[in-house]
Every structure is written in structure tokens, then in C-alpha cells.
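A.B. asks: Before I ask anything, here is the structure I am working with.
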There are 2 protein chains.
Amino acid sequence: MNDLLGSIVRPTMLLDAQRVRSNIQQMAAKAQRNGVRFRPHFKTHQSAEIGAWFREAGVTAITASSLDMATYFADHGWYDITVAFPVNVREIDKINVLAQRVRLHLLVENLATVHFLATHLVAPVAAWIEVDAGYGRSGVPWHDQAAVKDLAKAIVECDRLSLQGLLTHDGTTYRAAGIREIRDAYDLTVSRLEQARGWLMELGYSDLELSIGDTPACSVLDDFSSIDEMRPGNFVFYDLMQLRIGSCTFQEVGMVVACPVVSIHPERCEIVLYGGAVHLSKDHLQREDGGPDFGAVVRLDGTGWSAPVEGAWVSSLSQEHGLVRTTREAFASLSTMVGVGDLLGIVPVHSCLTADLMKHYLTLDGQRIDMAPIPAAR
Amino acid sequence: MNDLLGSIVRPTMLLDAQRVRSNIQQMAAKAQRNGVRFRPHFKTHQSAEIGAWFREAGVTAITASSLDMATYFADHGWYDITVAFPVNVREIDKINVLAQRVRLHLLVENLATVHFLATHLVAPVAAWIEVDAGYGRSGVPWHDQAAVKDLAKAIVECDRLSLQGLLTHDGTTYRAAGIREIRDAYDLTVSRLEQARGWLMELGYSDLELSIGDTPACSVLDDFSSIDEMRPGNFVFYDLMQLRIGSCTFQEVGMVVACPVVSIHPERCEIVLYGGAVHLSKDHLQREDGGPDFGAVVRLDGTGWSAPVEGAWVSSLSQEHGLVRTTREAFASLSTMVGVGDLLGIVPVHSCLTADLMKHYLTLDGQRIDMAPIPAAR
């Protein structure tokens with residue numbers, strides 16, 4: 001790996017392929033134990049090559065966050081794809097092309113969209129009612145019986161749509177801290193989906209599935225007997241946010257960004273990195289002192305990376321600069337090991353956004369892994 | 001433009017080329033009136049085609065934020081380029097290639113880097129001492145006379161480096177509100193640079209230039225007689241942050257992101273857009289109520305875009321979703337004009353980061369403008 005580190009000249013995503021494969025296998029095994037369909041979200045890695053590691057773990061169904069991403073994975077041999085985003089009717093041409101190539105699943109959450117699809121679809125599509133189970137983003141509100149029923153009826157009336165079930169992204173687990181809060185959030189979400197499914201059973205719609213996708217619940221809970229499908233994405237790499245939530249251990253974090261050190265300021269115990277907002281993203285956590293935390297600092301060595309250096313964190317990001325602030329103790333320790341021209345690793349706050357910015361991975365054995373290309377302008 | 005709006009299917013950067021050209025011409029004229037070199041920062045637009053608009057305004061010298069970006073602009077005919085980032089010694093090969101092609105200016109702020117350059121440069125380079133004039137990012141501290149002098153001496157001793165002057169990015173003006181605070185910040189910065197230059201004159205180094213680059217000061221102040229070079233970048237488009245600071249009027253904002261409406265929730269006065277963190281970036285401002293503001297909302301019509309809709313703002317972003325929150329009044333007004341499948345425009349908080357994510361522009365007359373390609377993996 002020292003040759004590898006020597007070859008790095010600019011901010012570079014380092015991938016521990018062994019950890020990533022292990023994360024994939026463990027989640028696949030958990031889904032299998034529970035008898036639920038594992039439909040991992042590929043928006044985190046956005047890579048056909050990493051996708052192939054899922055295929056080796058027996059995965060055949062996937063989730064994407066856009067039609068462009070779904071098309072990319074269709075191009076790489078995936079045939080059963082959910083676009084986990086409310087249908088954007090402006091992309092009907094992409095939808096129709098894709099629906100003729102693969103088993104396409106779409107999310108609907110309002111009547112206007114269902115009516116549009118009813119008159120514009122040219123091929124069959126599996127429809128999921130997106131339910132807002134309390135997170136407050138997209139989805140029909142979990143408590144709105146009339147809206148849930150009207151939507152289901154409209155879907156069933158549309159020849160080309162087959163009603164598959166109810167789906168939610170449970171963003172509330174990202175606000176949780178620890179397993180108990182995650183379990184409470186998950187149980188509440190499932191109970192709300194079950195209630196909505198109950199209303200649809202009153203209409204005579206049976207065999208409706210429940211689909212949930214969030215890394216915290218899928219990572220820490222063991223019993224998924226109430227649902228039919230899980231769609232976690234972030235677990236493939238994890239990140240600082242998931243560490244804080246308690247979704248993973250540090251030994252499961254599969255990606256860090258190697259950043260060249262360009263300046264060291266002992267007078268303020270700070271280190272300036274080549275690695276900024278265009279590499280890591282401006283997503284951040286809040287420190288106990290109220291300040292922002294844009295990433296944890298790790299040392300890079302011949303085998304991978306160290307545990308996070310205590311007392312060191314990325315305190316600010318501008319376009320290309322990352323500023324590492326440290327305690328006096330951490331600075332004393334770090335500055336004996338790292339000088340201008342060396343590398344430090346940063347555990348990103350939110351690996352999905354970092355990967356989306358970086359566009360290439362470098363494995364610890366020096367293999368370059370590409371991601372989906374930038375979507376066309378229109 | 002209605003055909004233009006009709007052609008948009010996904011989040012798209014709309015450019016008002018007339019406003020952008022006017023912003024460029026006004027800044028170029030201001031520099032000329034002051035007799036200072038205008039070296040605009042091209043990190044905001046990252047586009048050879050927009051770069052050509054600067055050339056039409058008489059610009060011959062530019063600033064880039066990375067060697068990859070500098071190389072891209074060298075490929076497009078620019079010959080006088082400052083990389084306004086502390087030298088990353090790991091990129092010495094790129095530096096040497098570029099230094100043989102163009103008049104390359106580099107920033108140095110520590111002795112280790114100067115010593116490295118002294119033994120590794122193969123072609124002449126103009127060196128600027130980067131001074132930290134109080135912002136606290138990179139640069140030799142403005143008050144450290146010994147460090148400033150030692151750095152200058154080391155530069156002068158290096159055959160391939162020619163000491164050009166002192167340069168700073170005055171990030172403190174981004175924390176200002178209104179013209180008086182901007183002027184105070186600018187005056188303080190200039191006085192600190194002048195003091196440091198005075199120390200170097202004691203060593204016999206004359207004709208040293210002062211270079212400053214920040215959009216707030218360059219936008220609102222008129223007298224730049226104390227400096228030799230200005231390097232603003234963001235002014236080409238401006239954005240919501242600059243509006244808040246007072247650097248521009250709304251009529252000068254040259255770019256918004258057109259986002260498809262995918263869901264409308266009257267029960268909570270919210271509109272869900274296709275347009276998320278991977279399009280707008282997670283940079284945000286703080287609202288008076290303490291909550292985050294990820295962008296202002298504008299209506300799009302046949303001529304461009306409206307003023308920001310009062311009482312509507314982007315309250316949260318996930319990977320692909322943008323959530324617009326509104327007051328009851330704003331919702332009542334917006335929802336009569338916009339339905340699922342229509343477009344809303346978002347004025348981004350920080351146009352540099354949004355452009356970096358979006359990678360293509362669409363002008364109001366339907367012309368597509370490309371940006372620099374993604375840098376190679378290593």
C-alpha cells in the first residue's frame with residue numbers, strides 16, 4: 001500500500017474492498033434469514049463494479065434514486081429496479097424506454113402522477129404507494145386513509161400499473177441515537193404501514209408488500225418478519241454519521257478520502273488539506289461544543305487506515321480546502337507523523353454525497369473503480 | 001423560453017447570459033478604472049465557453065483553484081494562470097508540465113514547500129506569498145514578521161521562483177453584512193498586507209504586488225488604489241449568500257436551478273422538488289428562526305425568472321429531494337401557479353458548489369454550455 005499512497009496526488013477515495021464485501025454479505029445474510037427481499041440502494045456507490053459484488057452475494061433486485069442511475073445499472077445487466085423517488089412525469093420518455101427493458105418499479109404518491117402515467121405509459125410498471133410514515137419528505141401521509149385508498153384505486157384502474165405494495169424511507173431513524181431509539185422508530189413506521197395496508201385490504205387488495213429502506217434499522221435490528229423488502233444503501237461503506245447513530249463499528253467503515261497535507265499551522269493547532277467541499281460535500285454533524293464536524297481524521301498506513309484520531313476533526317471546508325482542527329495533544333502526536341506533502345485520511349460525514357462528488361474509487365490493492373457517468377444535460 | 005422550459009426533464013442550471021456578461025463587464029470596468037489587474041477566479045463557472053466571455057471583456061489573466069482546472073483552461077488558450085491554493089507538492093509533475101506551457105503563478109506559505117520546489121521545478125514559476133490576513137485558513141500569519149521574511153528569502157534564493165508579491169483570500173468579508181462591514185474588513189486586510197510588504201521592503205525587495213480576491217469587497221467597494229490585482233470569482237453568477245451579504249441585487253443573479261415539482265403537500269404547505277444535495281450542494285444559510293435555508297424559490301417564465309417568492313424557501317435537502325417550505329400565504333399563491341410536473345427555480349446558496357455539481361448550463365435561449373471534465377482519478 002505504500003506504493004499506492006505514493007501514487008496518490010490529489011483527493012482520492014480509498015476503498016477497503018474486503019470490508020465492503022463483508023458489509024454486503026452480512027446484510028444479504030440478514031435479509032435471507034428473515035425471508036425478505038434484499039433490494040439494496042445503489043445510490044451510495046453508483047458503481048457497476050461494486051454492483052457486481054452484490055450479485056456475487058445473490059442479489060438480483062436493486063434500488064436507484066434516479067432514472068439516469070437506473071438506466072446505468074440496466075446497461076450493466078440489472079433487470080429488477082426500483083426508482084425510489086416520486087415519479088417525475090417530465091421523464092416519461094426515460095420511464096417508457098426503461099419499462100420496456102427491465103422490470104421497473106416506480107413510486108407514486110399523488111393522483112396527478114397516476115393519471116399522467118395512466119395515459120402515457122407504454123409498458124407495464126410495478127407501482128408502490130410511497131407512504132410518509134412520519135419523516136415528512138415525500139409520500140402520502142400515513143394517517144390519510146382517504147388519500148391512501150384513492151391512490152390505490154387509481155393505480156388498480158390503470159392497465160399498465162400493477163399495485164405492488166407500500167414503501168417508505170424511514171428518515172426518522174437517522175435522528176436516532178442507539179439501538180433502542182432505532183427500534184422504536186422502526187416499530188412505529190411498520191405499524192403505520194400495516195395500518196395503511198389494512199385499509200387497502202378492506203378494499204379487497206391482498207398480497208400487498210411492505211418495503212422499508214434505511215441503514216440504521218437494517219444494520220442494528222435482527223427481526224424483519226413484518227416486512228417483505230429492505231432497501232438500505234449507505235451500509236455498503238457506512239460513514240461518520242452512521243458511526244454516531246450507532247449503525248456500525250469503526251471496523252465496518254469501508255471508505256475514506258485520502259487528502260494531501262498542504263500546510264501545517266502549529267500556532268493554531270491546525271492542518272490544511274487538499275480536500276474541500278467539492279470532494280467531501282458540506283454535509284456535517286454538530287459537535288458537542290456546537291461547532292460543525294465535516295469528517296473524522298485517520299492515519300493511512302500499509303494495511304488501510306487507523307481508528308479516528310481523537311481530538312482531530314475537519315472543522316471547515318471551502319471549495320478545495322479542508323481545515324483540520326486539533327487539540328494540543330492530538331496536534332503534538334499528529335505533527336510528529338505527518339508533514340507537508342504527506343496524506344491524511346478523512347472519514348466523510350455522509351458517504352453517499354462524497355462518492356457522488358469523487359466519481360472514482362481506489363482499492364487498497366491499487367485497483368481503480370469507476371462510477372456512473374454524469375447524466376446528460378437534458 | 002417556453003419551449004426551453006418544456007424541454008427540461010431533470011434539474012438543470014439556467015443561465016441568464018446577459019446578466020452574466022454584464023457582471024463580467026462591470027467588474028472588468030471597475031478594475032480598469034482602478035488601474036488594477038483583473039484576474040477573475042474561474043472556479044465558479046469552470047467553463048471554457050464562459051471564460052471566452054471574459055476574454056471579450058479584455059481579460060488575459062485568470063485564477064484557478066486546482067492544477068487540473070488550470071490545465072483545462074490552459075488547454076483553452078489561457079496563458080497567465082494563478083492556482084490560488086497552497087502548492088500541493090504531490091502534484092509536482094502537473095506543475096512542471098504546466099509551467100512549461102503557461103506563465104504559472106503559485107501560492108507558497110511554508111518553507112517546506114519552497115525547499116521542495118527549489119529542487120523539483122524544471123521551469124520558471126511566479127511565486128506569491130500567501131498571507132493569512134485574519135481569516136484563519138491557509139497562509140503565513142499576517143503578524144509573523146520572521147515567517148514572512150524567511151519565506152521571501154527562501155523564494156528569492158530559488159532560481160526558478162520569482163517573488164511576485166503577497167496574496168490573500170479575504171474570507172472575512174463573507175461574514176460581513178452590508179457595505180460598511182465589508183469596507184472595514186477590506187481596509188483591515190489591506191493594512192495587514194501593506195505591513196507585511198513593508199517588512200520585505202526592509203530586506204530590499206521592491207515592486208511587490210498585493211493581490212486580493214473576494215466577491216463582497218470587489219462588488220461593493222469602488223476604490224482599489226491600494227492593491228495591484230483583484231481575483232473575485234463568485235460575482236459572475238452571484239447567489240443567495242451574496243444577496244444576504246449585500247454584494248449584489250437580485251437583478252444581478254445570473255443562475256438558478258430549474259427543478260421539476262414531483263409532489264405537493266397542502267396539509268403542511270410543502271412542495272417536493274426533484275433537486276437535492278447532489279444538485280444544489282448542502283451549503284446553507286441560517287434563517288432568523290434558526291433553521292437552515294438551502295435556497296430561495298423563483299418562478300420561471302418566458303423571459304427568465306421572478307424575484308424570490310416571499311415566504312418560500314428550501315428547508316431541507318436529501319440526495320435527490322428538495323423540500324420547499326412555505327407560509328400559508330405563499331403556498332396559496334404558489335399552488336395556483338405550479339402543479340406536479342411544473343418547474344420551480346431555486347437560487348442556490350453558493351453558486352460555485354452548485355455549478356461544480358451540475359456540470360452543464362442551459363442559457364435562456366437554449367444553448368448548452370459545458371464545464372471542465374471530471375479530473376482523472378490520479
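Identifiers in the C-alpha cells: chain A, B, ... in order shown; residue index from 1 per chain; ligand index from 1 in order shown.
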Please provide chain A as a compact mmCIF listing (two decimals) with C-alpha atoms, in the first residue's frame, once it has been superposed on chain B by least squares across all sequentially paired Cα atoms.

C.D. replies:
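Below you can see superposed.txt, which holds the result:
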```txt
# COMPACT_ATOMS: atom_id res chain seq x y z
CA MET A 1 -38.35 30.16 -23.37
CA ASN A 2 -41.51 28.11 -22.98
CA ASP A 3 -40.10 25.55 -25.39
CA LEU A 4 -36.96 25.70 -23.32
CA LEU A 5 -38.85 24.99 -20.11
CA GLY A 6 -40.75 22.25 -21.88
CA SER A 7 -37.48 20.58 -22.85
CA ILE A 8 -36.23 20.37 -19.26
CA VAL A 9 -36.76 16.96 -17.71
CA ARG A 10 -34.35 16.94 -14.74
CA PRO A 11 -32.62 19.52 -12.50
CA THR A 12 -30.96 21.98 -14.87
CA MET A 13 -28.82 25.09 -14.36
CA LEU A 14 -30.39 28.01 -16.17
CA LEU A 15 -28.04 30.80 -17.12
CA ASP A 16 -29.04 34.37 -17.91
CA ALA A 17 -26.15 35.05 -20.26
CA GLN A 18 -26.98 38.75 -20.50
CA ARG A 19 -26.70 39.20 -16.73
CA VAL A 20 -23.54 37.13 -16.57
CA ARG A 21 -21.89 39.16 -19.33
CA SER A 22 -22.99 42.35 -17.62
CA ASN A 23 -21.49 41.18 -14.30
CA ILE A 24 -18.23 40.44 -16.11
CA GLN A 25 -18.13 43.78 -17.92
CA GLN A 26 -18.89 45.78 -14.80
CA MET A 27 -16.16 44.10 -12.78
CA ALA A 28 -13.67 44.44 -15.64
CA ALA A 29 -14.52 48.14 -15.93
CA LYS A 30 -14.08 48.65 -12.19
CA ALA A 31 -10.65 47.03 -12.29
CA GLN A 32 -9.69 49.17 -15.26
CA ARG A 33 -10.86 52.39 -13.56
CA ASN A 34 -8.64 51.48 -10.62
CA GLY A 35 -5.68 50.50 -12.76
CA VAL A 36 -5.52 47.07 -11.13
CA ARG A 37 -5.07 43.76 -12.89
CA PHE A 38 -8.33 41.82 -13.15
CA ARG A 39 -7.53 38.15 -12.62
CA PRO A 40 -10.99 36.61 -12.18
CA HIS A 41 -11.36 33.29 -10.39
CA PHE A 42 -12.67 30.72 -12.83
CA LYS A 43 -13.51 28.14 -10.13
CA THR A 44 -17.09 29.46 -10.06
CA HIS A 45 -18.06 28.76 -13.66
CA GLN A 46 -15.35 26.21 -14.64
CA SER A 47 -16.30 26.67 -18.28
CA ALA A 48 -14.13 27.47 -21.30
CA GLU A 49 -17.12 29.00 -23.04
CA ILE A 50 -17.94 31.39 -20.20
CA GLY A 51 -14.20 32.04 -19.99
CA ALA A 52 -14.43 33.35 -23.54
CA TRP A 53 -16.90 36.00 -22.36
CA PHE A 54 -14.17 37.27 -20.03
CA ARG A 55 -11.72 37.38 -22.91
CA GLU A 56 -14.18 39.55 -24.83
CA ALA A 57 -14.09 41.91 -21.84
CA GLY A 58 -10.33 42.21 -22.19
CA VAL A 59 -9.28 39.69 -19.54
CA THR A 60 -5.95 37.92 -20.14
CA ALA A 61 -5.03 36.67 -16.65
CA ILE A 62 -7.09 34.20 -14.63
CA THR A 63 -7.22 32.32 -11.34
CA ALA A 64 -7.97 28.61 -10.90
CA SER A 65 -8.37 26.61 -7.69
CA SER A 66 -6.59 23.43 -8.77
CA LEU A 67 -3.90 22.32 -11.19
CA ASP A 68 -6.48 20.24 -13.04
CA MET A 69 -8.64 23.31 -13.56
CA ALA A 70 -5.61 25.40 -14.57
CA THR A 71 -4.66 22.72 -17.11
CA TYR A 72 -8.19 22.73 -18.54
CA PHE A 73 -8.05 26.49 -19.07
CA ALA A 74 -4.52 26.27 -20.48
CA ASP A 75 -5.97 23.81 -22.98
CA HIS A 76 -8.46 26.55 -23.90
CA GLY A 77 -5.92 29.22 -24.64
CA TRP A 78 -5.23 30.91 -21.31
CA TYR A 79 -1.56 31.75 -20.78
CA ASP A 80 -1.39 33.57 -17.45
CA ILE A 81 -2.82 31.47 -14.63
CA THR A 82 -2.66 31.65 -10.84
CA VAL A 83 -3.51 28.50 -8.91
CA ALA A 84 -4.95 30.10 -5.78
CA PHE A 85 -4.35 27.18 -3.46
CA PRO A 86 -1.22 26.36 -1.42
CA VAL A 87 1.12 24.28 -3.57
CA ASN A 88 0.42 20.56 -3.22
CA VAL A 89 3.89 19.08 -3.69
CA ARG A 90 2.39 15.74 -4.73
CA GLU A 91 1.32 17.40 -7.97
CA ILE A 92 4.84 18.45 -8.96
CA ASP A 93 4.57 16.64 -12.30
CA LYS A 94 1.44 18.61 -13.24
CA ILE A 95 3.14 21.80 -12.05
CA ASN A 96 6.17 21.18 -14.22
CA VAL A 97 4.12 20.37 -17.29
CA LEU A 98 2.02 23.48 -16.85
CA ALA A 99 4.96 25.75 -16.01
CA GLN A 100 6.46 24.90 -19.39
CA ARG A 101 3.24 25.82 -21.20
CA VAL A 102 1.99 28.98 -19.49
CA ARG A 103 3.01 31.78 -17.16
CA LEU A 104 2.18 29.90 -13.96
CA HIS A 105 1.68 31.62 -10.60
CA LEU A 106 1.74 29.53 -7.42
CA LEU A 107 0.98 30.25 -3.77
CA VAL A 108 3.53 29.33 -1.14
CA GLU A 109 3.05 29.72 2.56
CA ASN A 110 5.61 27.42 4.19
CA LEU A 111 9.32 26.74 3.88
CA ALA A 112 8.96 23.00 3.32
CA THR A 113 7.12 23.67 0.07
CA VAL A 114 9.62 26.29 -1.13
CA HIS A 115 12.51 23.89 -0.47
CA PHE A 116 10.70 21.17 -2.37
CA LEU A 117 10.05 23.48 -5.32
CA ALA A 118 13.68 24.63 -5.29
CA THR A 119 14.84 21.09 -6.04
CA HIS A 120 11.97 19.90 -8.25
CA LEU A 121 10.86 22.74 -10.54
CA VAL A 122 12.04 22.44 -14.13
CA ALA A 123 10.62 25.74 -15.41
CA PRO A 124 10.14 29.26 -14.07
CA VAL A 125 7.16 29.99 -11.83
CA ALA A 126 5.87 33.22 -10.31
CA ALA A 127 5.55 32.84 -6.55
CA TRP A 128 3.12 34.65 -4.30
CA ILE A 129 3.43 34.55 -0.55
CA GLU A 130 0.00 33.58 0.66
CA VAL A 131 -0.81 35.66 3.72
CA ASP A 132 -3.46 34.76 6.25
CA ALA A 133 -4.75 38.25 6.94
CA GLY A 134 -7.09 37.08 9.70
CA TYR A 135 -9.38 34.56 8.02
CA GLY A 136 -7.56 31.60 9.56
CA ARG A 137 -7.46 29.18 6.63
CA SER A 138 -4.15 28.88 4.75
CA GLY A 139 -1.33 31.41 4.54
CA VAL A 140 1.52 32.63 6.67
CA PRO A 141 0.05 34.57 9.61
CA TRP A 142 -0.02 38.31 8.79
CA HIS A 143 1.61 39.21 12.12
CA ASP A 144 4.53 36.76 11.87
CA GLN A 145 7.33 38.99 10.60
CA ALA A 146 10.00 36.31 10.87
CA ALA A 147 7.96 33.79 8.90
CA VAL A 148 7.12 36.29 6.15
CA LYS A 149 10.76 37.32 5.80
CA ASP A 150 12.12 33.77 5.88
CA LEU A 151 9.67 32.71 3.22
CA ALA A 152 10.58 35.63 0.97
CA LYS A 153 14.29 34.94 1.37
CA ALA A 154 13.81 31.26 0.54
CA ILE A 155 11.80 32.16 -2.57
CA VAL A 156 14.37 34.66 -3.79
CA GLU A 157 17.14 32.08 -3.32
CA CYS A 158 15.33 29.68 -5.64
CA ASP A 159 16.37 30.21 -9.26
CA ARG A 160 13.12 29.09 -10.78
CA LEU A 161 10.86 31.11 -8.46
CA SER A 162 10.32 34.82 -8.92
CA LEU A 163 8.75 36.60 -5.97
CA GLN A 164 5.71 38.40 -7.27
CA GLY A 165 4.01 39.73 -4.18
CA LEU A 166 1.62 39.00 -1.37
CA LEU A 167 -1.77 37.42 -1.90
CA THR A 168 -4.72 36.71 0.33
CA HIS A 169 -8.25 35.40 0.17
CA ASP A 170 -10.19 37.66 2.49
CA GLY A 171 -12.85 35.25 3.70
CA THR A 172 -13.78 37.65 6.49
CA THR A 173 -15.91 39.72 4.09
CA TYR A 174 -18.23 36.72 3.71
CA ARG A 175 -19.16 37.17 7.36
CA ALA A 176 -19.99 40.82 6.78
CA ALA A 177 -23.44 42.32 6.41
CA GLY A 178 -23.64 45.43 4.31
CA ILE A 179 -21.14 47.80 2.78
CA ARG A 180 -19.72 49.27 5.99
CA GLU A 181 -18.69 45.92 7.43
CA ILE A 182 -17.27 44.85 4.07
CA ARG A 183 -15.22 48.05 3.83
CA ASP A 184 -13.91 47.66 7.38
CA ALA A 185 -12.87 44.06 6.67
CA TYR A 186 -11.20 45.07 3.41
CA ASP A 187 -9.33 48.01 4.95
CA LEU A 188 -8.02 45.81 7.77
CA THR A 189 -6.86 43.17 5.32
CA VAL A 190 -5.09 45.68 3.09
CA SER A 191 -3.35 47.28 6.06
CA ARG A 192 -2.05 43.88 7.14
CA LEU A 193 -0.77 43.07 3.66
CA GLU A 194 0.91 46.50 3.50
CA GLN A 195 2.60 45.90 6.82
CA ALA A 196 3.96 42.55 5.60
CA ARG A 197 5.11 44.16 2.36
CA GLY A 198 6.88 46.79 4.45
CA TRP A 199 8.92 44.09 6.16
CA LEU A 200 10.00 42.75 2.78
CA MET A 201 10.95 46.23 1.59
CA GLU A 202 13.28 46.35 4.60
CA LEU A 203 14.99 43.32 3.03
CA GLY A 204 15.36 45.24 -0.21
CA TYR A 205 12.58 43.49 -2.12
CA SER A 206 10.76 46.14 -4.10
CA ASP A 207 7.91 46.18 -6.61
CA LEU A 208 5.99 43.52 -4.69
CA GLU A 209 2.34 43.42 -5.64
CA LEU A 210 -0.72 42.92 -3.46
CA SER A 211 -3.48 40.60 -4.68
CA ILE A 212 -6.92 40.28 -3.12
CA GLY A 213 -9.83 38.17 -4.19
CA ASP A 214 -13.26 38.12 -2.63
CA THR A 215 -16.58 38.88 -4.22
CA PRO A 216 -18.11 41.03 -1.47
CA ALA A 217 -15.30 43.64 -1.41
CA CYS A 218 -14.78 43.62 -5.17
CA SER A 219 -18.53 44.06 -5.70
CA VAL A 220 -19.43 46.86 -3.33
CA LEU A 221 -16.25 48.93 -2.95
CA ASP A 222 -14.99 51.38 -5.57
CA ASP A 223 -11.49 52.33 -4.51
CA PHE A 224 -8.84 49.67 -5.06
CA SER A 225 -5.90 52.03 -5.30
CA SER A 226 -4.03 50.18 -2.54
CA ILE A 227 -3.82 46.88 -4.37
CA ASP A 228 -2.44 45.64 -7.69
CA GLU A 229 -4.69 42.72 -8.54
CA MET A 230 -8.24 41.56 -7.81
CA ARG A 231 -9.41 37.95 -8.11
CA PRO A 232 -13.16 37.72 -7.45
CA GLY A 233 -14.97 34.65 -8.82
CA ASN A 234 -18.48 34.26 -7.48
CA PHE A 235 -19.67 37.63 -8.88
CA VAL A 236 -20.07 36.03 -12.31
CA PHE A 237 -23.33 34.42 -11.11
CA TYR A 238 -23.76 35.66 -7.53
CA ASP A 239 -26.14 33.63 -5.31
CA LEU A 240 -28.28 33.73 -2.19
CA MET A 241 -25.28 34.14 0.11
CA GLN A 242 -24.09 37.21 -1.80
CA LEU A 243 -27.62 38.61 -1.77
CA ARG A 244 -27.67 38.30 2.02
CA ILE A 245 -24.24 39.88 2.38
CA GLY A 246 -25.33 42.73 0.16
CA SER A 247 -22.84 42.13 -2.66
CA CYS A 248 -25.48 42.20 -5.36
CA THR A 249 -29.07 42.94 -6.18
CA PHE A 250 -31.46 40.26 -7.23
CA GLN A 251 -31.32 41.56 -10.79
CA GLU A 252 -27.66 40.59 -10.94
CA VAL A 253 -28.16 36.92 -10.02
CA GLY A 254 -27.23 35.10 -13.22
CA MET A 255 -28.01 31.45 -12.49
CA VAL A 256 -30.83 29.42 -10.97
CA VAL A 257 -31.56 25.69 -10.96
CA ALA A 258 -34.82 24.63 -12.64
CA CYS A 259 -36.31 21.74 -10.65
CA PRO A 260 -39.33 19.57 -11.54
CA VAL A 261 -42.14 19.53 -8.95
CA VAL A 262 -42.85 15.92 -8.00
CA SER A 263 -45.21 16.31 -5.05
CA ILE A 264 -47.33 18.96 -3.36
CA HIS A 265 -48.46 18.68 0.26
CA PRO A 266 -51.09 21.26 1.13
CA GLU A 267 -51.53 19.76 4.62
CA ARG A 268 -48.06 20.99 5.53
CA CYS A 269 -47.63 23.76 2.93
CA GLU A 270 -44.70 21.96 1.34
CA ILE A 271 -43.60 21.21 -2.21
CA VAL A 272 -41.19 18.40 -3.06
CA LEU A 273 -38.74 19.06 -5.90
CA TYR A 274 -36.51 16.84 -7.95
CA GLY A 275 -33.38 18.75 -6.94
CA GLY A 276 -31.34 17.64 -3.95
CA ALA A 277 -27.92 17.72 -2.34
CA VAL A 278 -26.29 16.22 -5.46
CA HIS A 279 -27.59 19.18 -7.47
CA LEU A 280 -27.58 22.20 -5.16
CA SER A 281 -24.95 21.17 -2.53
CA LYS A 282 -25.61 21.17 1.21
CA ASP A 283 -24.25 24.67 1.77
CA HIS A 284 -26.88 26.65 3.62
CA LEU A 285 -27.66 29.88 5.36
CA GLN A 286 -29.37 30.23 8.70
CA ARG A 287 -32.88 31.63 8.84
CA GLU A 288 -34.00 34.04 11.52
CA ASP A 289 -35.84 31.19 13.22
CA GLY A 290 -32.56 29.24 13.38
CA GLY A 291 -33.50 26.72 10.71
CA PRO A 292 -31.43 26.12 7.56
CA ASP A 293 -32.09 27.78 4.21
CA PHE A 294 -30.79 25.82 1.21
CA GLY A 295 -32.10 28.18 -1.47
CA ALA A 296 -34.67 30.76 -2.51
CA VAL A 297 -37.62 29.92 -4.74
CA VAL A 298 -38.36 31.74 -8.01
CA ARG A 299 -41.00 31.28 -10.68
CA LEU A 300 -39.81 30.57 -14.20
CA ASP A 301 -41.47 32.22 -17.17
CA GLY A 302 -40.91 33.18 -20.79
CA THR A 303 -38.24 35.77 -20.04
CA GLY A 304 -36.21 34.31 -17.17
CA TRP A 305 -37.14 34.16 -13.52
CA SER A 306 -39.10 36.14 -10.98
CA ALA A 307 -37.88 37.78 -7.80
CA PRO A 308 -37.66 35.30 -4.90
CA VAL A 309 -41.10 34.22 -3.71
CA GLU A 310 -41.55 35.64 -0.23
CA GLY A 311 -42.35 33.06 2.41
CA ALA A 312 -40.92 30.12 0.44
CA TRP A 313 -37.51 28.52 0.92
CA VAL A 314 -35.73 25.18 0.54
CA SER A 315 -35.86 23.86 4.10
CA SER A 316 -34.09 20.52 3.61
CA LEU A 317 -32.18 18.55 1.02
CA SER A 318 -31.56 14.85 0.77
CA GLN A 319 -29.66 13.18 -2.06
CA GLU A 320 -32.26 13.89 -4.77
CA HIS A 321 -35.16 15.55 -2.91
CA GLY A 322 -35.50 19.25 -2.22
CA LEU A 323 -38.22 20.24 0.22
CA VAL A 324 -39.72 23.71 -0.24
CA ARG A 325 -41.46 25.02 2.85
CA THR A 326 -43.86 27.93 2.56
CA THR A 327 -46.05 30.15 4.64
CA ARG A 328 -49.79 29.63 4.18
CA GLU A 329 -49.98 32.80 2.09
CA ALA A 330 -47.09 31.81 -0.14
CA PHE A 331 -48.51 28.32 -0.55
CA ALA A 332 -51.89 29.67 -1.55
CA SER A 333 -50.24 31.81 -4.19
CA LEU A 334 -47.71 29.25 -5.45
CA SER A 335 -50.11 26.33 -5.63
CA THR A 336 -52.40 28.21 -8.01
CA MET A 337 -49.49 28.58 -10.41
CA VAL A 338 -47.49 25.38 -9.97
CA GLY A 339 -48.59 21.76 -10.05
CA VAL A 340 -46.95 18.35 -10.17
CA GLY A 341 -44.88 18.24 -13.36
CA ASP A 342 -44.21 21.98 -13.47
CA LEU A 343 -40.87 23.61 -12.73
CA LEU A 344 -39.70 25.89 -9.94
CA GLY A 345 -36.39 27.73 -9.93
CA ILE A 346 -34.01 27.66 -6.98
CA VAL A 347 -31.46 30.39 -6.33
CA PRO A 348 -28.62 28.36 -4.84
CA VAL A 349 -26.93 29.41 -1.61
CA HIS A 350 -23.45 29.04 -3.08
CA SER A 351 -23.28 29.08 -6.87
CA CYS A 352 -19.68 27.77 -7.05
CA LEU A 353 -20.64 24.49 -5.37
CA THR A 354 -23.87 24.15 -7.33
CA ALA A 355 -22.10 24.66 -10.66
CA ASP A 356 -19.43 22.16 -9.63
CA LEU A 357 -22.16 19.56 -9.09
CA MET A 358 -24.34 20.31 -12.11
CA LYS A 359 -21.63 20.27 -14.82
CA HIS A 360 -23.79 21.82 -17.58
CA TYR A 361 -25.51 25.14 -18.13
CA LEU A 362 -28.51 25.92 -20.28
CA THR A 363 -28.85 29.53 -21.40
CA LEU A 364 -32.26 31.18 -21.67
CA ASP A 365 -32.01 30.90 -25.44
CA GLY A 366 -31.47 27.16 -25.25
CA GLN A 367 -27.72 26.90 -25.70
CA ARG A 368 -25.96 24.18 -23.73
CA ILE A 369 -22.67 25.20 -22.12
CA ASP A 370 -20.28 22.56 -20.81
CA MET A 371 -17.83 22.71 -17.94
CA ALA A 372 -14.42 21.22 -17.25
CA PRO A 373 -14.48 17.41 -17.22
CA ILE A 374 -14.10 15.41 -14.00
CA PRO A 375 -10.37 15.23 -13.17
CA ALA A 376 -8.66 11.91 -13.73
CA ALA A 377 -8.54 9.56 -10.76
CA ARG A 378 -4.86 10.22 -10.00
```

A.B. asks: Could you go through stretch 189-378 of chain B and tell me which residues DSSP, when run on the backbone, assigns to strand (DSSP E or B), listing them as a PyMOL selection string?

C.D. replies: chain B and resi 209-212+229-230+255-265+270-274+285-286+292-293+295-298+300-301+304-305+312-317+321-326+343-348+360-363+368-370

A.B. asks: List every residue of stretch 104-290 of chain B that DSSP, applied to the backbone of this structure, assigns to helix (DSSP H, G or I), and report them as an NGL selection string.

C.D. replies: :B and (111-120 or 145-157 or 171-175 or 179-202 or 215-220 or 234-236 or 240-245 or 250-252 or 266-268 or 277-280)
